[in-house]
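Asks: Below you will find the structure I want to go over with you.
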Amino acid sequence: MMEENKRIVKDLVQLSEYALSGSEADIRLFLARLVRDYRDEYPKLSKLVSDLLKKQYRSSRSYIREMSDAEPVSIAYADPVEHEKPVCLNGPVCCSGRIEPILTDDLKRQFTSLISEHQMKDRLYQAGLKPACTMIFVGEPGVGKTMSANWLSRELGLPLYTIDIAAVVSSFLGQTGNNLKAALDYAKQQSMVLLLDEIDALAKKRSDDTDVGEFKRVVAVLLHEIEHWPSESILIAATNHPKLVDPALWRRFDCELHFSLPSGDAVERAIQEFLAEDYRVFSEYTEIIKLMVEHSSYSDIERLMLRFRRALAVGSMTPLEIVTQAIPVEHNRTRRLSYAKQLLKTSKLSQHRISVLTGVSRDTLRKYKAQQRWEVND
Ligand SMILES: Nc1ncnc2c1ncn2[C@@H]1O[C@H](COP(=O)(O)OP(=O)(O)O)[C@@H](O)[C@H]1O
Ligand SMILES: [Mg+2]
C-alpha cells in the first residue's frame, strides 16, 4: 500500500506540474498513460479519466492529423482506450480530384519503383527482402513534397497521416521523445503513409545547449522507429533544410527523393495545369509568364495563375492587361529588357505602352526592333 501511495503521489505531483505549465498536449499524454497504468487496480478512476479525455477531445489539438480533404477522421493519440485496441479508422481516405504532382523524370522513376515494390511485396518477402518503406523528401517549400506524399498514399491505397512536429516538441525536458514515440506507436497500428513534415524542426533543437539530452533522445527514438518501421506502412520525413538533419538519421532512410524548383518544360506544364481551362486565353503570353515565374516554386506559380484566372472571371481586364499588370517592378535592367522584348514580340502594344510598363526607354525599344528586323532580313 505504501508503494501504491508513493506512486499516486508522484503521479499527482507530475500532473500538477504539467497542469501549471499549461501544456495541454503534455497533460493529455500523461493522463493517457494514467488511464493505462491504473486500469487494473483502479478501473473506475481509469474509466473516468478516459471518458474525460474523450469528451474533451474535440477542443484539443491532436498530434496526428488526417490529411485528406475527405471527411475528417477523428483520432487523437490521447484517446487511450482506442490506443490500446487495434483502431479501425473512420473510412480510408478517399481519392479526391486533385491532380498528380508534376515530377522530374528522375522522381517519377523513383516513385514508380517504390509503388511496384509495394504492389509486389510478396515477391520481395519470398526473396527475403522488404519494400523500401522509409524515405526522406528534400526540397524547398512549395515544390510538391506534401502533395507527393498525398498522391503516393492514393496510389498505394493507404490513408495519409501526418505528425505535426511542432506540436510534438514539448517544453518539458524528456517529454518530446515520449510524445514522438507515442504518436509513432499509434501510427504503427495500421497500414498508412505517415508524413513527418519538417523533420529538421527536431534537429534544430540541437543548437540550444540545454537541449542536447532531449535532442539525443528524440534522435534515438527516430533511429529506432525508422529501423523497425513496418513494411506495410510508409514513413516519409520531409525537410526544407537538409543540412539540419542529423547525418546518422539521414543514413537510415531506405531512400531519399529530391524535389527541385520547376525548370524548362515543367514550368510550361505548371502554367498550363494551373491555368486549366483558361490556358488558351493566356497561351500567347506564355513566354512572358515564364519570365515572371523564373525561380519560383510550383505553389508560387499556382498562386499567380489563380490570380490571373480570378481577374479573367471578374471580366474587367483583357488577358494582356492582366498579365502586364503582374510584371514585377524590377530594378534589374536586363530583366526589364527581357520583358520588353517579349511584349514587343507577342503583344500589339505600342512601344510607348511597353516603355511605360517595363521602364525600358523607347529609344532602346526602337533600336531593338530595328535590329530584329535587320536579323530577320539577314
Ligand atoms: N510538383 C508539383 N506539381 C504540381 N503542383 C505542385 C507541385 N508542387 C507544389 N504544387 C502546388 O503547390 C501546393 C503546395 O505544395 P506542397 O506539396 O505542399 O509543397 P511542399 O510540401 O514541398 O512545401 C500544392 O498543393 C500544389 O497545388
Ligand atoms: Mg509540405
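Naming scheme: A, B, ... for chains in displayed order of the C-alpha cells; residues 1 onward per chain; ligands 1 onward as shown.
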Got a sec to check which residues lie within 12 Å of ligand 2, using only C-alpha atoms and all ligand atoms, and send them as a compact mmCIF listing (two decimals) with C-alpha atoms, in the first residue's frame?
Replies:
# COMPACT_ATOMS: atom_id res chain seq x y z
CA MET A 67 -4.56 14.99 -44.37
CA PHE A 137 11.80 14.13 -49.19
CA VAL A 138 14.11 17.10 -49.65
CA GLY A 139 13.30 20.37 -51.35
CA GLU A 140 12.33 23.99 -50.99
CA PRO A 141 8.82 24.93 -49.88
CA GLY A 142 6.07 24.57 -52.46
CA VAL A 143 7.71 22.01 -54.72
CA GLY A 144 5.39 19.11 -54.07
CA LYS A 145 6.67 17.18 -51.05
CA THR A 146 3.37 17.14 -49.22
CA MET A 147 1.47 16.78 -52.46
CA SER A 148 3.54 13.77 -53.46
CA ALA A 149 3.04 12.12 -50.09
CA ASN A 150 -0.67 12.59 -50.64
CA THR A 162 0.96 13.44 -40.69
CA ILE A 163 2.70 14.13 -37.44
CA ASP A 164 2.89 17.76 -36.55
CA LEU A 195 4.40 12.11 -43.11
CA LEU A 196 6.84 13.60 -40.65
CA ASP A 197 6.91 17.07 -42.06
CA GLU A 198 9.69 19.48 -41.13
CA ILE A 199 11.76 16.81 -39.51
CA ILE A 236 8.07 9.87 -45.11
CA ALA A 237 10.21 12.52 -43.49
CA ALA A 238 10.28 15.87 -45.26
CA THR A 239 12.61 18.82 -44.93
CA ASN A 240 13.43 22.17 -46.49
CA PHE A 259 12.37 17.82 -55.25
CA TYR A 298 5.10 25.35 -58.11
CA SER A 299 2.96 26.83 -55.41
Asks: Using only C-alpha atoms, which protein or nucleic acid residues come within 10 Å of Ser283 of chain A? Drop anything in the same chain fewer than 6 positions from it, and give the result as JSON, numbers by chain.
Replies: {"A": [271, 272, 275, 289, 319]}
Asks: Write a file of the selected residues as a CSV table (one decimal), in the first residue's frame, keeping N, CA and C atoms.
Replies:
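Generated output (again_20.csv):
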chain,number,residue,atom,x,y,z
A,271,ILE,N,2.3,26.1,-65.7
A,271,ILE,CA,1.4,27.2,-66.1
A,271,ILE,C,0.1,26.7,-66.8
A,272,GLN,N,0.3,25.7,-67.6
A,272,GLN,CA,-0.8,25.1,-68.3
A,272,GLN,C,-1.8,24.5,-67.3
A,275,LEU,N,-3.5,27.1,-65.1
A,275,LEU,CA,-4.5,28.0,-65.7
A,275,LEU,C,-5.7,27.2,-66.2
A,289,ILE,N,4.9,35.0,-69.2
A,289,ILE,CA,4.6,34.5,-67.9
A,289,ILE,C,5.8,33.7,-67.4
A,319,PRO,N,-6.9,39.8,-71.1
A,319,PRO,CA,-5.8,38.9,-70.7
A,319,PRO,C,-4.5,39.7,-70.7
Asks: Which neighbours of Arg252 of chain A fall inside 8 Å, counting only C-alpha atoms, when residues of the same chain fewer than 6 positions from it are skipped, and could you give them as a list of chain:residue names?
Replies: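 My reading of the contact set: A:Leu223, A:Ile226, A:Glu227.
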Asks: Could you please determine the separation between atom CA of Leu349 of chain A and atom CA of Asp278 of chain A in Å, to one decimal place?
Replies: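 Straight-line distance from atom CA of Leu349 of chain A to atom CA of Asp278 of chain A works out to 21.6 Å.
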Asks: Need to verify the contact set: segment 358-366 of chain A, 10 Å, only C-alpha atoms, exclusion of same-chain residues closer than 5 positions in sequence. Can you return it as a PyMOL selection string?
Replies: chain A and resi 324+327-331+333-341+343-344+350-353+371-372
Asks: How would the residues just chosen look if you wrote them out with N, CA and C atoms as a short mmCIF file (atom, residue, chain, number, x, y, z; two decimals), in the first residue's frame?
Replies:
data_model
loop_
_atom_site.label_atom_id
_atom_site.label_comp_id
_atom_site.auth_asym_id
_atom_site.auth_seq_id
_atom_site.Cartn_x
_atom_site.Cartn_y
_atom_site.Cartn_z
N THR A 324 0.21 41.96 -67.98
CA THR A 324 1.18 43.06 -67.83
C THR A 324 1.11 43.71 -66.45
N ILE A 327 3.57 42.22 -64.05
CA ILE A 327 5.02 42.34 -64.25
C ILE A 327 5.62 42.98 -63.00
N PRO A 328 6.53 42.30 -62.35
CA PRO A 328 7.07 42.86 -61.11
C PRO A 328 7.88 44.11 -61.39
N VAL A 329 7.84 45.00 -60.44
CA VAL A 329 8.65 46.21 -60.57
C VAL A 329 10.08 45.78 -60.28
N GLU A 330 10.85 45.67 -61.33
CA GLU A 330 12.21 45.15 -61.14
C GLU A 330 13.23 46.25 -61.38
N HIS A 331 14.30 46.16 -60.66
CA HIS A 331 15.34 47.16 -60.85
C HIS A 331 16.36 46.67 -61.86
N ARG A 333 17.97 45.81 -65.03
CA ARG A 333 17.72 46.29 -66.39
C ARG A 333 17.61 45.14 -67.39
N THR A 334 18.47 44.18 -67.25
CA THR A 334 18.46 43.05 -68.19
C THR A 334 17.10 42.36 -68.18
N ARG A 335 16.58 42.24 -66.98
CA ARG A 335 15.30 41.56 -66.85
C ARG A 335 14.16 42.39 -67.42
N ARG A 336 14.23 43.69 -67.16
CA ARG A 336 13.20 44.57 -67.70
C ARG A 336 13.23 44.52 -69.21
N LEU A 337 14.45 44.44 -69.73
CA LEU A 337 14.61 44.37 -71.17
C LEU A 337 14.00 43.07 -71.73
N SER A 338 14.18 41.97 -71.00
CA SER A 338 13.59 40.70 -71.46
C SER A 338 12.08 40.81 -71.54
N TYR A 339 11.48 41.43 -70.51
CA TYR A 339 10.03 41.61 -70.54
C TYR A 339 9.63 42.44 -71.76
N ALA A 340 10.36 43.54 -71.96
CA ALA A 340 10.04 44.44 -73.06
C ALA A 340 10.13 43.71 -74.40
N LYS A 341 11.19 42.92 -74.56
CA LYS A 341 11.37 42.17 -75.82
C LYS A 341 10.22 41.20 -76.05
N LEU A 343 7.22 41.43 -74.90
CA LEU A 343 6.00 42.17 -75.23
C LEU A 343 6.03 42.66 -76.66
N LEU A 344 7.21 43.10 -77.09
CA LEU A 344 7.34 43.55 -78.49
C LEU A 344 6.98 42.41 -79.42
N SER A 350 1.74 49.33 -78.08
CA SER A 350 2.61 50.33 -78.69
C SER A 350 3.93 50.37 -77.94
N GLN A 351 4.95 50.84 -78.62
CA GLN A 351 6.27 50.94 -77.95
C GLN A 351 6.16 51.85 -76.73
N HIS A 352 5.29 52.85 -76.85
CA HIS A 352 5.11 53.76 -75.72
C HIS A 352 4.58 52.99 -74.49
N ARG A 353 3.54 52.18 -74.69
CA ARG A 353 2.95 51.41 -73.58
C ARG A 353 4.00 50.45 -72.98
N GLN A 371 16.95 46.24 -84.98
CA GLN A 371 17.95 45.17 -85.01
C GLN A 371 17.30 43.85 -85.38
N GLN A 372 16.08 43.64 -84.78
CA GLN A 372 15.34 42.41 -85.04
C GLN A 372 14.98 42.29 -86.52
#
Asks: My list of candidates is A:Ser16, A:Thr104, A:Ser153, A:Ser355. Which is closest to ligand 1 when distances are computed with only C-alpha atoms and all ligand atoms?
Replies: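 Comparing A:Ser16, A:Thr104, A:Ser153, A:Ser355 against ligand 1, the winner is A:Thr104.
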Asks: Compare A:Leu304, A:Leu103, A:Val245, A:Ala370 by their minimum atom-to-atom distance to ligand 1, counting only C-alpha atoms and all ligand atoms, and give me the closest one.
Replies: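 That would be A:Leu103, the residue with the smallest distance to ligand 1.
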Asks: So, counting only C-alpha atoms and all ligand atoms, which residue among A:Asp122, A:Asp11, A:Glu100, A:Glu155 is closest to ligand 1?
Replies: A:Glu100
Asks: Quick one, how far is atom CA of Asp246 of chain A from atom CA of Ala187 of chain A?
Replies: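 Computing the Euclidean distance for atom CA of Asp246 of chain A and atom CA of Ala187 of chain A yields 22.9 Å.
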Asks: For ligand 1, which of A:Ala266, A:Val218, A:Leu160, A:Leu31 is the closest residue, counting only C-alpha atoms and all ligand atoms?
Replies: A:Ala266
Asks: Hey, what's within 12 Å of Pro247 of chain A if we count only C-alpha atoms and toss same-chain stuff fewer than 5 positions away? As a list in words, please?
Replies: Asp200, Ala203, Val219, Leu223, Pro242, Arg252 and Phe253 of chain A
Asks: Just to be explicit: take each residue in the selection above, keep C-alpha atoms, and write the result as a PDB file, in the first residue's frame.
Replies:
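Full text of out32.pdb as output:
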ATOM      1  CA  ASP A 200      14.530  19.410 -39.192  1.00  0.00           C
ATOM      2  CA  ALA A 203      17.263  18.719 -35.379  1.00  0.00           C
ATOM      3  CA  VAL A 219      17.081  11.091 -32.498  1.00  0.00           C
ATOM      4  CA  LEU A 223      16.583   5.908 -35.362  1.00  0.00           C
ATOM      5  CA  PRO A 242      18.597  19.042 -45.292  1.00  0.00           C
ATOM      6  CA  ARG A 252      18.756   5.146 -42.060  1.00  0.00           C
ATOM      7  CA  PHE A 253      16.154   6.056 -44.636  1.00  0.00           C
TER       8      PHE A 253
END
Asks: Can you list every residue in segment 241-356 of chain A that DSSP puts in helix (DSSP H, G or I), as a compact mmCIF listing (two decimals) with C-alpha atoms, in the first residue's frame?
Replies:
# COMPACT_ATOMS: atom_id res chain seq x y z
CA PRO A 242 18.60 19.04 -45.29
CA LYS A 243 21.74 20.36 -43.58
CA LEU A 244 19.96 20.45 -40.26
CA PRO A 247 23.54 12.54 -40.64
CA ALA A 248 23.05 9.39 -38.59
CA LEU A 249 19.35 9.72 -39.13
CA TRP A 250 19.78 10.52 -42.77
CA ARG A 251 21.55 7.26 -43.50
CA ARG A 252 18.76 5.15 -42.06
CA ASP A 265 9.19 22.03 -69.66
CA ALA A 266 7.96 21.67 -66.11
CA VAL A 267 7.35 25.43 -65.89
CA GLU A 268 5.24 25.36 -69.00
CA ARG A 269 3.31 22.34 -67.78
CA ALA A 270 2.70 24.04 -64.46
CA ILE A 271 1.43 27.21 -66.15
CA GLN A 272 -0.84 25.12 -68.32
CA GLU A 273 -2.16 22.96 -65.49
CA PHE A 274 -2.77 25.82 -63.13
CA LEU A 275 -4.49 27.96 -65.75
CA ALA A 276 -6.64 24.92 -66.58
CA GLU A 277 -9.44 25.82 -68.98
CA ASP A 278 -8.24 29.43 -69.15
CA TYR A 279 -4.91 28.36 -70.59
CA ARG A 280 -5.97 29.03 -74.17
CA VAL A 281 -6.90 32.60 -73.39
CA PHE A 282 -3.43 33.25 -71.99
CA SER A 283 -1.43 30.95 -74.23
CA GLU A 284 0.06 33.72 -76.36
CA TYR A 285 1.61 35.22 -73.24
CA THR A 286 3.24 32.01 -72.07
CA GLU A 287 6.73 33.33 -72.73
CA ILE A 288 6.26 36.45 -70.66
CA ILE A 289 4.58 34.46 -67.90
CA LYS A 290 7.59 32.16 -67.91
CA LEU A 291 9.82 35.17 -67.33
CA MET A 292 7.65 36.20 -64.41
CA TYR A 298 5.10 25.35 -58.11
CA SER A 299 2.96 26.83 -55.41
CA ASP A 300 4.06 30.37 -56.35
CA ILE A 301 3.18 29.68 -59.98
CA GLU A 302 -0.13 28.28 -58.90
CA ARG A 303 -0.89 31.38 -56.86
CA LEU A 304 -0.12 33.70 -59.76
CA MET A 305 -2.15 31.65 -62.23
CA LEU A 306 -5.10 31.65 -59.87
CA ARG A 307 -4.82 35.41 -59.65
CA PHE A 308 -4.99 35.58 -63.45
CA ARG A 309 -8.00 33.30 -63.56
CA ARG A 310 -9.84 35.33 -60.95
CA ALA A 311 -9.13 38.55 -62.83
CA LEU A 312 -10.36 36.95 -66.02
CA ALA A 313 -13.55 35.81 -64.34
CA VAL A 314 -14.18 39.28 -62.94
CA PRO A 319 -5.81 38.93 -70.66
CA LEU A 320 -2.96 41.19 -71.80
CA GLU A 321 -3.80 43.74 -69.11
CA ILE A 322 -3.98 41.01 -66.52
CA VAL A 323 -0.57 39.71 -67.47
CA THR A 324 1.18 43.06 -67.83
CA GLN A 325 -0.18 44.25 -64.51
CA ARG A 333 17.72 46.29 -66.39
CA THR A 334 18.46 43.05 -68.19
CA ARG A 335 15.30 41.56 -66.85
CA ARG A 336 13.20 44.57 -67.70
CA LEU A 337 14.61 44.37 -71.17
CA SER A 338 13.59 40.70 -71.46
CA TYR A 339 10.03 41.61 -70.54
CA ALA A 340 10.04 44.44 -73.06
CA LYS A 341 11.37 42.17 -75.82
CA GLN A 342 8.73 39.57 -75.09
CA LEU A 343 6.00 42.17 -75.23
CA LEU A 344 7.34 43.55 -78.49
CA LYS A 345 7.21 40.06 -79.92
CA THR A 346 3.91 38.80 -78.56
CA GLN A 351 6.27 50.94 -77.95
CA HIS A 352 5.11 53.76 -75.72
CA ARG A 353 2.95 51.41 -73.58
CA ILE A 354 5.71 48.83 -73.39
CA SER A 355 8.13 51.50 -72.32
CA VAL A 356 5.75 52.63 -69.55
Asks: Calculated over only C-alpha atoms and all ligand atoms, which of the candidates A:Ile102, A:Cys133, A:Val221, A:Leu257 has the smallest distance to ligand 1?
Replies: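 For ligand 1, the nearest of the given residues is A:Ile102.
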Asks: Taking into account only C-alpha atoms, which residue in the set A:Met317, A:Met2, A:Leu222, A:Leu156 is nearest to Asp185 of chain A?
Replies: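 Selected residue with least distance to Asp185 of chain A: A:Leu222.
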